[in-house]
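Shown here: run-v5.txt, compact mmCIF, C-alpha atoms.
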```txt
# COMPACT_ATOMS: atom_id res chain seq x y z
CA MET E 144 8.66 23.30 3.54
CA PRO E 145 10.10 19.88 4.42
CA SER E 146 9.34 17.00 2.12
CA ALA E 147 10.86 13.65 1.37
CA PRO E 148 13.47 13.51 -1.42
CA LYS E 149 11.96 12.65 -4.77
CA PRO E 150 13.31 9.43 -6.25
CA ALA E 151 13.82 9.10 -9.97
CA THR E 152 10.55 7.17 -10.28
CA CYS E 153 8.67 10.35 -9.43
CA ARG E 154 8.93 11.41 -13.08
CA LEU E 155 6.04 9.70 -14.82
CA VAL E 156 5.63 8.80 -18.48
CA ARG E 157 5.99 11.88 -20.67
CA LEU E 158 3.18 11.96 -23.18
CA ARG E 159 4.52 14.74 -25.39
CA GLU E 160 7.19 17.38 -25.32
CA SER E 161 4.81 20.04 -26.66
CA SER E 162 1.31 21.30 -25.94
CA MET E 163 -1.51 18.77 -25.75
CA LYS E 164 -5.25 18.85 -25.81
CA VAL E 165 -6.41 17.83 -22.33
CA LEU E 166 -9.99 16.97 -21.40
CA VAL E 167 -10.91 17.55 -17.75
CA LEU E 168 -13.98 15.71 -16.48
CA GLY E 169 -15.62 17.75 -13.73
CA SER E 170 -15.91 21.46 -12.97
CA GLY E 171 -15.77 21.48 -9.19
CA VAL E 172 -12.96 23.26 -7.38
CA ILE E 173 -10.59 20.39 -8.21
CA GLY E 174 -11.48 20.25 -11.90
CA VAL E 175 -11.31 24.02 -12.37
CA THR E 176 -7.96 24.45 -10.60
CA THR E 177 -6.60 21.54 -12.64
CA ALA E 178 -7.82 23.19 -15.84
CA TRP E 179 -6.27 26.50 -14.77
CA TYR E 180 -2.81 25.05 -14.18
CA LEU E 181 -2.96 22.94 -17.35
CA ALA E 182 -3.73 26.10 -19.32
CA GLN E 183 -0.88 27.87 -17.52
CA ALA E 184 1.38 25.05 -18.70
CA GLY E 185 0.43 25.83 -22.30
CA HIS E 186 -2.08 23.08 -23.02
CA GLU E 187 -5.37 23.32 -24.88
CA VAL E 188 -7.92 22.53 -22.17
CA VAL E 189 -11.55 21.48 -22.37
CA VAL E 190 -13.77 20.97 -19.29
CA ILE E 191 -17.05 19.06 -19.32
CA ASP E 192 -19.60 18.76 -16.52
CA ARG E 193 -23.24 17.76 -16.15
CA GLN E 194 -24.06 20.90 -14.16
CA ASP E 195 -24.86 24.22 -15.83
CA GLY E 196 -22.14 26.06 -13.94
CA ALA E 197 -18.81 25.46 -12.24
CA GLY E 198 -18.67 24.43 -8.58
CA LYS E 199 -22.31 23.46 -8.24
CA GLU E 200 -21.94 20.12 -6.48
CA THR E 201 -19.66 19.37 -3.50
CA SER E 202 -17.83 22.69 -3.90
CA PHE E 203 -21.05 24.70 -3.60
CA ALA E 204 -21.50 25.23 0.16
CA ASN E 205 -18.72 23.42 1.99
CA ALA E 206 -17.39 24.52 5.36
CA GLY E 207 -15.24 27.29 3.84
CA GLN E 208 -12.03 26.25 5.58
CA LEU E 209 -8.60 26.34 4.02
CA SER E 210 -7.33 23.98 6.69
CA TYR E 211 -3.67 23.47 5.86
CA GLY E 212 -2.47 22.65 9.37
CA TYR E 213 -5.72 20.95 10.35
CA SER E 214 -5.42 18.43 7.48
CA SER E 215 -5.84 15.04 9.13
CA PRO E 216 -7.19 11.63 8.13
CA TRP E 217 -10.41 10.50 9.72
CA ALA E 218 -8.83 7.09 10.28
CA GLY E 219 -6.78 7.20 13.46
CA PRO E 220 -6.04 5.29 16.66
CA GLY E 221 -9.21 4.72 18.66
CA VAL E 222 -11.55 5.94 15.92
CA PRO E 223 -13.58 2.67 15.69
CA MET E 224 -14.44 2.95 19.39
CA LYS E 225 -15.09 6.68 19.05
CA ALA E 226 -17.41 5.97 16.13
CA VAL E 227 -19.57 3.77 18.34
CA LYS E 228 -19.77 6.60 20.88
CA TRP E 229 -20.60 9.13 18.15
CA LEU E 230 -23.43 6.94 16.88
CA LEU E 231 -24.99 7.03 20.34
CA MET E 232 -24.80 10.81 20.75
CA HIS E 233 -27.94 12.90 20.39
CA HIS E 234 -26.08 15.39 18.19
CA ARG E 235 -24.11 12.86 16.21
CA PRO E 236 -21.03 13.81 14.18
CA PHE E 237 -21.13 10.37 12.53
CA VAL E 238 -24.15 8.63 11.01
CA LEU E 239 -24.21 5.21 9.34
CA TRP E 240 -27.17 3.90 7.40
CA PRO E 241 -26.75 0.10 7.12
CA ARG E 242 -27.26 -1.07 3.57
CA PRO E 243 -26.28 -4.04 1.38
CA ASP E 244 -23.46 -2.13 -0.29
CA TRP E 245 -20.23 -4.01 -0.98
CA GLU E 246 -18.36 -0.83 -1.92
CA MET E 247 -19.30 0.72 1.43
CA LEU E 248 -18.29 -2.37 3.43
CA SER E 249 -14.97 -2.64 1.59
CA TRP E 250 -14.27 1.04 2.18
CA LEU E 251 -15.06 0.78 5.89
CA ALA E 252 -12.78 -2.24 6.23
CA ARG E 253 -9.93 -0.39 4.54
CA MET E 254 -10.50 2.64 6.73
CA ALA E 255 -10.41 0.45 9.85
CA ALA E 256 -7.07 -0.95 8.70
CA ASN E 257 -5.72 2.63 8.69
CA CYS E 258 -6.73 3.24 12.32
CA THR E 259 -3.24 2.65 13.71
CA GLU E 260 -0.69 5.12 15.03
CA ARG E 261 1.76 4.29 12.26
CA ALA E 262 -0.83 4.66 9.49
CA TYR E 263 -2.17 7.87 10.99
CA ARG E 264 1.26 9.52 11.02
CA ARG E 265 1.99 8.36 7.48
CA ASN E 266 -1.35 9.54 6.13
CA LYS E 267 -1.33 12.86 7.98
CA GLY E 268 2.17 13.49 6.68
CA ARG E 269 0.98 12.97 3.11
CA MET E 270 -2.01 15.23 3.62
CA VAL E 271 -0.05 18.04 5.26
CA ARG E 272 2.49 17.84 2.44
CA VAL E 273 -0.21 18.42 -0.19
CA ALA E 274 -2.05 20.99 1.92
CA GLU E 275 1.03 23.09 2.66
CA TYR E 276 1.97 23.06 -1.01
CA SER E 277 -1.58 24.16 -1.80
CA ARG E 278 -1.27 27.06 0.63
CA VAL E 279 1.76 28.32 -1.27
CA ALA E 280 0.08 27.73 -4.65
CA LEU E 281 -3.08 29.62 -3.68
CA ALA E 282 -1.07 32.56 -2.38
CA ALA E 283 0.76 32.74 -5.70
CA LEU E 284 -2.50 32.48 -7.66
CA ARG E 285 -4.08 35.27 -5.61
CA ALA E 286 -1.05 37.49 -6.16
CA GLU E 287 -1.14 36.81 -9.90
CA THR E 288 -4.86 37.18 -10.53
CA GLY E 289 -6.25 39.30 -7.68
CA ILE E 290 -9.11 36.82 -7.39
CA GLU E 291 -11.58 37.57 -4.58
CA PHE E 292 -13.70 35.01 -2.75
CA ASP E 293 -14.44 36.34 0.76
CA HIS E 294 -10.92 35.37 1.75
CA ARG E 295 -9.51 35.82 5.24
CA ALA E 296 -6.16 34.73 6.66
CA ARG E 297 -6.90 34.67 10.38
CA GLY E 298 -6.15 31.06 11.34
CA THR E 299 -8.23 28.21 12.77
CA VAL E 300 -9.00 27.51 16.42
CA GLN E 301 -9.71 23.86 17.19
CA LEU E 302 -11.85 24.25 20.31
CA PHE E 303 -11.78 21.61 23.04
CA ARG E 304 -14.73 21.29 25.37
CA THR E 305 -13.02 18.69 27.62
CA GLN E 306 -9.57 18.25 29.13
CA LYS E 307 -9.35 14.78 27.58
CA GLN E 308 -9.57 16.30 24.10
CA LEU E 309 -6.89 18.84 24.97
CA ASP E 310 -4.59 16.12 26.33
CA HIS E 311 -4.59 14.21 23.03
CA VAL E 312 -3.19 16.85 20.67
CA GLY E 313 0.41 15.62 20.91
CA GLY E 314 0.20 13.27 17.93
CA ASP E 315 -1.07 16.01 15.64
CA THR E 316 1.42 18.64 16.76
CA ALA E 317 4.34 16.23 16.26
CA VAL E 318 3.44 15.90 12.57
CA LEU E 319 2.95 19.66 12.29
CA ASP E 320 6.45 20.15 13.72
CA GLU E 321 7.83 17.66 11.20
CA TYR E 322 6.48 19.75 8.32
CA GLY E 323 7.27 23.13 9.84
CA VAL E 324 3.63 24.10 10.34
CA PRO E 325 3.28 26.66 13.17
CA TRP E 326 0.77 26.02 15.96
CA GLU E 327 -0.18 27.43 19.33
CA LEU E 328 -1.74 25.65 22.30
CA LEU E 329 -4.28 28.02 23.86
CA ASP E 330 -5.81 28.39 27.29
CA PRO E 331 -9.36 29.80 27.45
CA ALA E 332 -8.14 33.40 27.60
CA ALA E 333 -5.99 32.91 24.49
CA CYS E 334 -8.95 31.30 22.68
CA ILE E 335 -10.94 34.43 23.42
CA ALA E 336 -8.08 36.64 22.25
CA ALA E 337 -8.17 34.83 18.89
CA GLU E 338 -11.98 34.68 18.71
CA PRO E 339 -13.40 37.48 20.90
CA ALA E 340 -17.03 36.36 20.61
CA LEU E 341 -16.15 33.24 22.62
CA ALA E 342 -15.97 35.45 25.74
CA ARG E 343 -19.78 35.15 25.87
CA VAL E 344 -19.55 31.35 26.29
CA LYS E 345 -16.27 30.94 28.18
CA ASP E 346 -17.71 28.16 30.33
CA ARG E 347 -18.15 25.95 27.23
CA PHE E 348 -14.47 25.10 26.58
CA VAL E 349 -11.16 24.37 28.31
CA GLY E 350 -8.70 25.38 25.59
CA GLY E 351 -7.77 25.08 21.97
CA LEU E 352 -5.16 24.52 19.30
CA ARG E 353 -4.61 27.45 16.96
CA LEU E 354 -3.20 27.07 13.46
CA PRO E 355 -2.28 30.63 12.47
CA GLN E 356 -1.58 29.88 8.79
CA ASP E 357 -5.04 28.46 8.10
CA GLU E 358 -7.40 30.60 6.04
CA THR E 359 -11.05 30.82 5.02
CA GLY E 360 -12.91 31.51 1.81
CA ASP E 361 -15.96 30.69 -0.27
CA ALA E 362 -15.05 27.72 -2.49
CA PHE E 363 -17.99 28.32 -4.81
CA LEU E 364 -17.09 31.96 -5.43
CA PHE E 365 -13.48 30.95 -6.02
CA THR E 366 -14.43 28.18 -8.45
CA GLN E 367 -16.78 30.41 -10.43
CA ARG E 368 -14.30 33.27 -10.66
CA LEU E 369 -11.33 31.07 -11.51
CA ALA E 370 -13.43 29.46 -14.23
CA GLU E 371 -14.02 32.95 -15.67
CA ARG E 372 -10.27 33.61 -15.69
CA ALA E 373 -9.63 30.20 -17.23
CA ARG E 374 -12.04 31.02 -20.05
CA GLU E 375 -10.08 34.20 -20.67
CA LYS E 376 -7.00 32.02 -21.08
CA GLY E 377 -8.78 29.89 -23.67
CA VAL E 378 -10.16 27.02 -21.57
CA ALA E 379 -13.39 25.77 -23.14
CA PHE E 380 -16.19 24.82 -20.74
CA HIS E 381 -18.95 22.52 -22.01
CA LEU E 382 -21.51 22.55 -19.21
CA GLY E 383 -24.79 20.68 -19.00
CA VAL E 384 -23.06 17.71 -20.61
CA GLY E 385 -23.80 14.27 -19.16
CA ILE E 386 -20.92 11.78 -19.29
CA ALA E 387 -22.05 8.30 -20.32
CA GLY E 388 -18.71 6.51 -20.27
CA ILE E 389 -15.03 6.42 -21.21
CA ARG E 390 -13.82 4.36 -24.15
CA ALA E 391 -10.33 2.88 -24.14
CA GLU E 392 -8.32 0.89 -26.67
CA GLY E 393 -4.78 -0.43 -26.54
CA GLY E 394 -4.07 0.82 -23.04
CA ARG E 395 -5.19 4.39 -23.77
CA VAL E 396 -8.39 6.40 -23.58
CA VAL E 397 -9.67 7.25 -27.04
CA ALA E 398 -12.90 9.10 -26.24
CA VAL E 399 -15.35 10.21 -23.59
CA GLU E 400 -18.92 9.40 -24.55
CA THR E 401 -21.54 12.02 -23.60
CA ASP E 402 -25.11 12.97 -24.37
CA HIS E 403 -23.60 15.66 -26.61
CA GLY E 404 -21.47 13.24 -28.63
CA ASP E 405 -17.90 12.01 -28.17
CA PHE E 406 -15.13 14.24 -26.82
CA THR E 407 -11.55 13.36 -27.72
CA ALA E 408 -8.18 14.62 -26.51
CA ASP E 409 -4.54 13.65 -26.07
CA ALA E 410 -4.89 13.30 -22.29
CA TYR E 411 -7.82 12.96 -19.90
CA VAL E 412 -8.23 13.96 -16.24
CA ALA E 413 -10.97 12.42 -14.09
CA ALA E 414 -11.94 14.95 -11.42
CA LEU E 415 -15.50 13.83 -10.80
CA GLY E 416 -15.37 13.59 -7.02
CA SER E 417 -17.41 10.73 -5.60
CA HIS E 418 -18.55 9.74 -9.09
CA THR E 419 -15.03 9.02 -10.35
CA PRO E 420 -14.91 5.33 -9.28
CA ALA E 421 -18.11 4.41 -11.15
CA MET E 422 -16.81 6.13 -14.28
CA LEU E 423 -13.46 4.31 -14.20
CA ARG E 424 -14.63 0.89 -13.01
CA PRO E 425 -15.59 -0.32 -16.53
CA LEU E 426 -11.95 0.34 -17.50
CA GLY E 427 -10.75 -2.11 -14.84
CA LEU E 428 -9.66 0.67 -12.47
CA HIS E 429 -10.87 0.40 -8.89
CA LEU E 430 -10.61 3.60 -6.86
CA PRO E 431 -11.41 3.19 -3.16
CA VAL E 432 -13.34 6.45 -3.02
CA TYR E 433 -16.71 6.52 -1.27
CA PRO E 434 -19.22 9.38 -0.86
CA ILE E 435 -19.32 10.70 2.71
CA LYS E 436 -22.27 13.03 3.02
CA GLY E 437 -21.77 16.38 4.71
CA TYR E 438 -24.17 19.16 5.59
CA SER E 439 -23.93 22.91 6.00
CA LEU E 440 -25.90 25.92 7.10
CA THR E 441 -25.26 29.41 5.75
CA LEU E 442 -26.67 32.21 7.87
CA PRO E 443 -26.40 35.99 7.73
CA VAL E 444 -24.35 37.74 10.42
CA THR E 445 -26.61 39.67 12.78
CA GLU E 446 -24.05 41.07 15.22
CA GLU E 447 -20.46 41.62 14.13
CA ALA E 448 -18.94 41.35 17.61
CA ALA E 449 -20.82 38.09 18.30
CA ALA E 450 -19.71 36.30 15.11
CA PRO E 451 -16.55 34.28 14.50
CA VAL E 452 -13.49 36.04 13.11
CA SER E 453 -12.26 33.04 11.14
CA THR E 454 -12.89 29.31 11.69
CA VAL E 455 -13.68 27.62 14.99
CA MET E 456 -13.64 23.82 14.91
CA ASP E 457 -16.00 22.40 17.53
CA GLU E 458 -14.04 19.25 18.31
CA THR E 459 -16.86 17.54 20.17
CA TYR E 460 -19.31 17.64 17.28
CA LYS E 461 -16.69 17.82 14.48
CA ILE E 462 -18.30 20.98 13.15
CA ALA E 463 -16.58 23.96 11.55
CA ILE E 464 -18.03 27.42 12.10
CA THR E 465 -16.52 29.80 9.55
CA ARG E 466 -16.84 33.48 8.75
CA LEU E 467 -17.41 34.21 5.04
CA GLY E 468 -17.87 37.94 4.51
CA ASP E 469 -21.26 38.87 5.96
CA ARG E 470 -22.23 35.20 6.39
CA ILE E 471 -21.45 32.35 8.75
CA ARG E 472 -20.97 28.89 7.28
CA VAL E 473 -21.55 25.94 9.64
CA GLY E 474 -20.38 22.64 8.18
CA GLY E 475 -20.03 19.12 9.44
CA THR E 476 -21.37 15.58 9.93
CA ALA E 477 -20.08 12.41 8.30
CA GLU E 478 -23.07 10.46 7.04
CA ILE E 479 -22.57 7.20 5.20
CA ALA E 480 -25.71 6.82 3.12
CA GLY E 481 -24.54 5.98 -0.40
CA PHE E 482 -25.35 8.68 -2.93
CA SER E 483 -28.38 10.03 -1.09
CA THR E 484 -28.61 13.83 -1.11
CA SER E 485 -31.77 14.14 0.98
CA LEU E 486 -31.71 16.87 3.63
CA ARG E 487 -32.29 15.27 7.02
CA LYS E 488 -33.74 17.37 9.84
CA PRO E 489 -31.62 15.81 12.65
CA ARG E 490 -28.43 16.82 10.84
CA ARG E 491 -29.66 20.42 10.67
CA GLU E 492 -30.42 20.34 14.38
CA THR E 493 -26.84 19.30 15.15
CA LEU E 494 -25.40 22.17 13.12
CA GLU E 495 -27.80 24.60 14.75
CA HIS E 496 -26.88 23.32 18.22
CA SER E 497 -23.15 23.88 17.70
CA VAL E 498 -23.40 27.41 16.30
CA ARG E 499 -26.07 28.43 18.79
CA ASP E 500 -23.98 27.08 21.68
CA LEU E 501 -20.75 28.85 20.70
CA PHE E 502 -22.01 31.96 18.84
CA PRO E 503 -25.55 32.44 20.15
CA ASP E 504 -25.92 36.02 18.92
CA GLY E 505 -23.73 35.85 15.81
CA GLY E 506 -26.18 34.94 13.08
CA ASP E 507 -29.83 34.49 12.16
CA ILE E 508 -30.47 30.75 12.30
CA GLY E 509 -34.03 31.24 11.14
CA ALA E 510 -32.73 32.62 7.83
CA ALA E 511 -30.14 29.86 7.33
CA ARG E 512 -29.86 27.93 4.05
CA PHE E 513 -29.51 24.18 4.55
CA TRP E 514 -27.37 22.18 2.08
CA THR E 515 -25.77 18.78 1.63
CA GLY E 516 -22.94 17.46 -0.55
CA LEU E 517 -21.02 14.23 -1.13
CA ARG E 518 -17.36 14.31 -0.13
CA PRO E 519 -15.15 11.90 -2.12
CA MET E 520 -13.26 10.11 0.66
CA THR E 521 -10.43 7.59 0.50
CA PRO E 522 -9.87 5.11 3.36
CA ASP E 523 -6.54 6.74 4.27
CA GLY E 524 -7.71 10.33 3.77
CA THR E 525 -5.14 11.05 1.06
CA PRO E 526 -6.33 12.09 -2.42
CA ILE E 527 -5.55 9.99 -5.50
CA ILE E 528 -3.50 12.25 -7.75
CA GLY E 529 -1.56 10.95 -10.73
CA GLN E 530 -1.38 8.73 -13.76
CA THR E 531 -3.43 5.54 -14.02
CA PRO E 532 -2.40 2.30 -15.75
CA LEU E 533 -3.99 3.79 -18.87
CA ALA E 534 -1.18 5.91 -20.29
CA ASN E 535 -3.17 9.08 -21.00
CA LEU E 536 -5.69 8.93 -18.14
CA PHE E 537 -5.08 10.76 -14.86
CA THR E 538 -7.03 11.18 -11.65
CA ASN E 539 -7.42 14.09 -9.25
CA THR E 540 -10.00 12.97 -6.72
CA GLY E 541 -10.54 11.55 -3.24
CA HIS E 542 -9.87 14.75 -1.26
CA GLY E 543 -12.71 14.12 1.20
CA THR E 544 -13.38 17.18 3.35
CA LEU E 545 -10.22 18.89 2.09
CA GLY E 546 -10.90 19.47 -1.59
CA TRP E 547 -10.98 23.24 -1.12
CA THR E 548 -7.87 23.15 1.05
CA MET E 549 -5.87 21.01 -1.38
CA ALA E 550 -7.31 22.27 -4.67
CA CYS E 551 -4.55 24.57 -5.89
CA GLY E 552 -1.75 22.25 -4.83
CA SER E 553 -3.45 19.23 -6.35
CA GLY E 554 -4.22 21.04 -9.59
CA ARG E 555 -0.67 22.31 -9.95
CA VAL E 556 0.81 18.88 -9.18
CA LEU E 557 -1.49 17.15 -11.66
CA ALA E 558 -0.66 19.68 -14.38
CA ASP E 559 3.03 18.96 -13.84
CA ILE E 560 2.44 15.20 -14.04
CA VAL E 561 0.40 15.49 -17.25
CA SER E 562 3.11 17.75 -18.72
CA GLY E 563 5.83 15.23 -17.87
CA ARG E 564 7.51 17.49 -15.33
CA SER E 565 8.59 16.46 -11.84
CA PRO E 566 6.27 18.22 -9.36
CA ASP E 567 7.68 20.42 -6.61
CA ILE E 568 6.65 17.89 -3.94
CA ASP E 569 7.01 14.12 -3.69
CA VAL E 570 4.03 12.43 -5.37
CA THR E 571 5.22 8.83 -5.35
CA ASP E 572 2.75 7.88 -2.60
CA LEU E 573 -0.25 9.89 -3.87
CA GLY E 574 -1.33 7.82 -6.86
CA LEU E 575 -3.61 4.84 -7.30
CA SER E 576 -0.62 2.47 -7.15
CA ARG E 577 -0.45 2.79 -3.36
CA TYR E 578 -3.47 0.52 -3.14
CA GLY E 579 -1.68 -2.30 -4.95
```

In structure tokens, how does this file's structure come out?
Amino acid sequence: MPSAPKPATCRLVRLRESSMKVLVLGSGVIGVTTAWYLAQAGHEVVVIDRQDGAGKETSFANAGQLSYGYSSPWAGPGVPMKAVKWLLMHHRPFVLWPRPDWEMLSWLARMAANCTERAYRRNKGRMVRVAEYSRVALAALRAETGIEFDHRARGTVQLFRTQKQLDHVGGDTAVLDEYGVPWELLDPAACIAAEPALARVKDRFVGGLRLPQDETGDAFLFTQRLAERAREKGVAFHLGVGIAGIRAEGGRVVAVETDHGDFTADAYVAALGSHTPAMLRPLGLHLPVYPIKGYSLTLPVTEEAAAPVSTVMDETYKIAITRLGDRIRVGGTAEIAGFSTSLRKPRRETLEHSVRDLFPDGGDIGAARFWTGLRPMTPDGTPIIGQTPLANLFTNTGHGTLGWTMACGSGRVLADIVSGRSPDIDVTDLGLSRYG
């Protein structure tokens, strides 16, 4: 896998030569994979989370994609104008609720600054680098543990309803070529060969882009089952624990304050998704991570031949339709509404429209479970992985819609950084320092 050479500065401050006690804040897919790889590295690991089980927030019912090749920043050339168009659509992929929120306005301004061709290529390159490494890491973890999570390795089809969409794939495929990611441009017949159920709606699309190395799987099942294996390796999970704050002295964290008393360790990892910035702000650390609300439907398969084989990305509505065992997961929408988790009927209607339009006989929409979660998004789309200015505090957050895709790679990289080892990929542009 191509990657830029790692300069000497890639090796961060070594905390200890031997095993440490590491406290991981958060038990979503990012926190649990981080805990797993830290335990694999020989550390004593403790995980705390306010939920009563692992993976119960943003990891619970996401789109189910392991989108290595599809990893792309939302900020790109022409996106501000597209956003205006999206806001005017009946079935809107983008929703903005105006509010007097400085953090939101600052985040939007930074995202707009990344909507250039140069920034898009840089950011997509970073994301593909992490995602491809994660693909390799997950394959190794599966081989080692035999973990099951409704996994399939059948690729993704990005489906284009218009010729204009099809004509604009060149920028993405150039970056895929740079990182050695295979892809196939499909005519309608080839789309149907990859996803046979699309033969029933062949008048709905003009072609597609297939990423054969992409996979699917249930992030919640994975997180729960990896947490079980982590416990077997000695990782301690303290669940139902509310975090009140982080106390620092002399340039180091000394304790995490909770409603169950103080937790102390040698090193600390903040993997709290969208809630990470608020937790670190009192320490003088400003993470440009904002919650972007997403929705999903989960419906039972009613006719095998009419359901998707893997993932179909409906490019027009920015919705992923994914096969998870005997279920179909329909995920999408970018709603900027602060930390609201209310379930809005119009968002459900958009998800229903997409799956009904492309897979009309595949699943029982009437029996669908409707869900929403807050994706921790950075303005450039790249997660914030690495050491902070506080010597023993690290972050693993900001993965946006790609937390599941990047989880194993991010967790393994972060474990290497905490352990004082140079990661297998270049991480010099992944940390908080890139924001100045």

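Counting only C-alpha atoms, the residue from E:Val227, E:Ala282, E:Val238, E:Met520 that sits nearest to E:Arg490 is E:Val238.
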
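Considering all atoms listed in the file, the residue among E:Ile528, E:Leu501, E:Met247, E:Leu209 positioned nearest to E:Thr459 is E:Leu501.
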
Note to self: Could you list, as an MDAnalysis selection string, every residue within 8 Å of E:Gly351, counting all atoms listed in the file and ignoring same-chain residues fewer than 5 positions away?
What the structure shows: chainID E and resid 300:303 309 328:331 334

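Separating atom CA of E:Ala178 from atom CA of E:Ala421 is a distance of 21.9 Å.
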
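Separating atom CA of E:His311 from atom CA of E:Asn205 is a distance of 27.0 Å.
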
Checklist line | Minimum-distance residue to E:Lys376, chosen among E:Val318, E:Gly509, E:Thr288, E:Asp567 (using all atoms listed in the file) | finding: E:Thr288

Notebook entry, point to check: Restricting the calculation to only C-alpha atoms, which member of E:Val378, E:Pro519, E:Asp457, E:Thr259 is positioned closest to E:Gln308?
Noted result: E:Asp457

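Across E:Val556, E:Leu517, E:Leu440, E:Leu181, the tightest approach to E:Ala274 is made by E:Val556 when counting all atoms listed in the file.
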
Next item on the list: Identify the residues around (-6.8, 12.1, -8.4) within a radius of 10 Å, measuring from all atoms listed in the file in the coordinates stated by the file, and give them as a list of chain:residue names.
Entry: E:Ile173, E:Val412, E:Ala413, E:Ala414, E:Leu415, E:Gly416, E:Thr419, E:Leu430, E:Thr525, E:Pro526, E:Ile527, E:Ile528, E:Gly529, E:Gln530, E:Thr531, E:Phe537, E:Thr538, E:Asn539, E:Thr540, E:Gly541, E:His542, E:Ser553, E:Gly554, E:Leu557, E:Leu573, E:Gly574, E:Leu575

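Between atom CA of E:Cys258 and atom CA of E:Pro223 the separation is 7.7 Å.
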
Margin query: Give me, as an MDAnalysis selection string, all polymer residues having an atom no more than 8 Å from E:Gly505, counting all atoms listed in the file and skipping those fewer than 5 positions away in the same chain.
Written below: chainID E and resid 444:451

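When the distance limit is 9 Å and only C-alpha atoms are what count, the residues near E:Arg390, minus those fewer than 4 positions from it on the same chain, are Arg395, Val396, Val397, Ala398, Val399, Glu400 and Leu426 of chain E.
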
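The environment of E:Gly323 within 10 Å, counting only C-alpha atoms and disregarding residues fewer than 2 places along the same chain, consists of Met144, Pro145, Gly212, Glu275, Ala317, Val318, Leu319, Asp320, Glu321, Pro325 and Trp326 of chain E.
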
Next item on the list: Name all residues at most 9 Å from E:Ala370 (count all atoms listed in the file; drop same-chain ones fewer than 5 positions away) and give them as a PyMOL selection string.
Entry: chain E and resi 170+175-176+178-179+197+365+375+378+380

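Nearest residue to E:Gln367 among E:Val165, E:Arg564, E:Ile290, E:Ala410 is E:Ile290, counting all atoms listed in the file.
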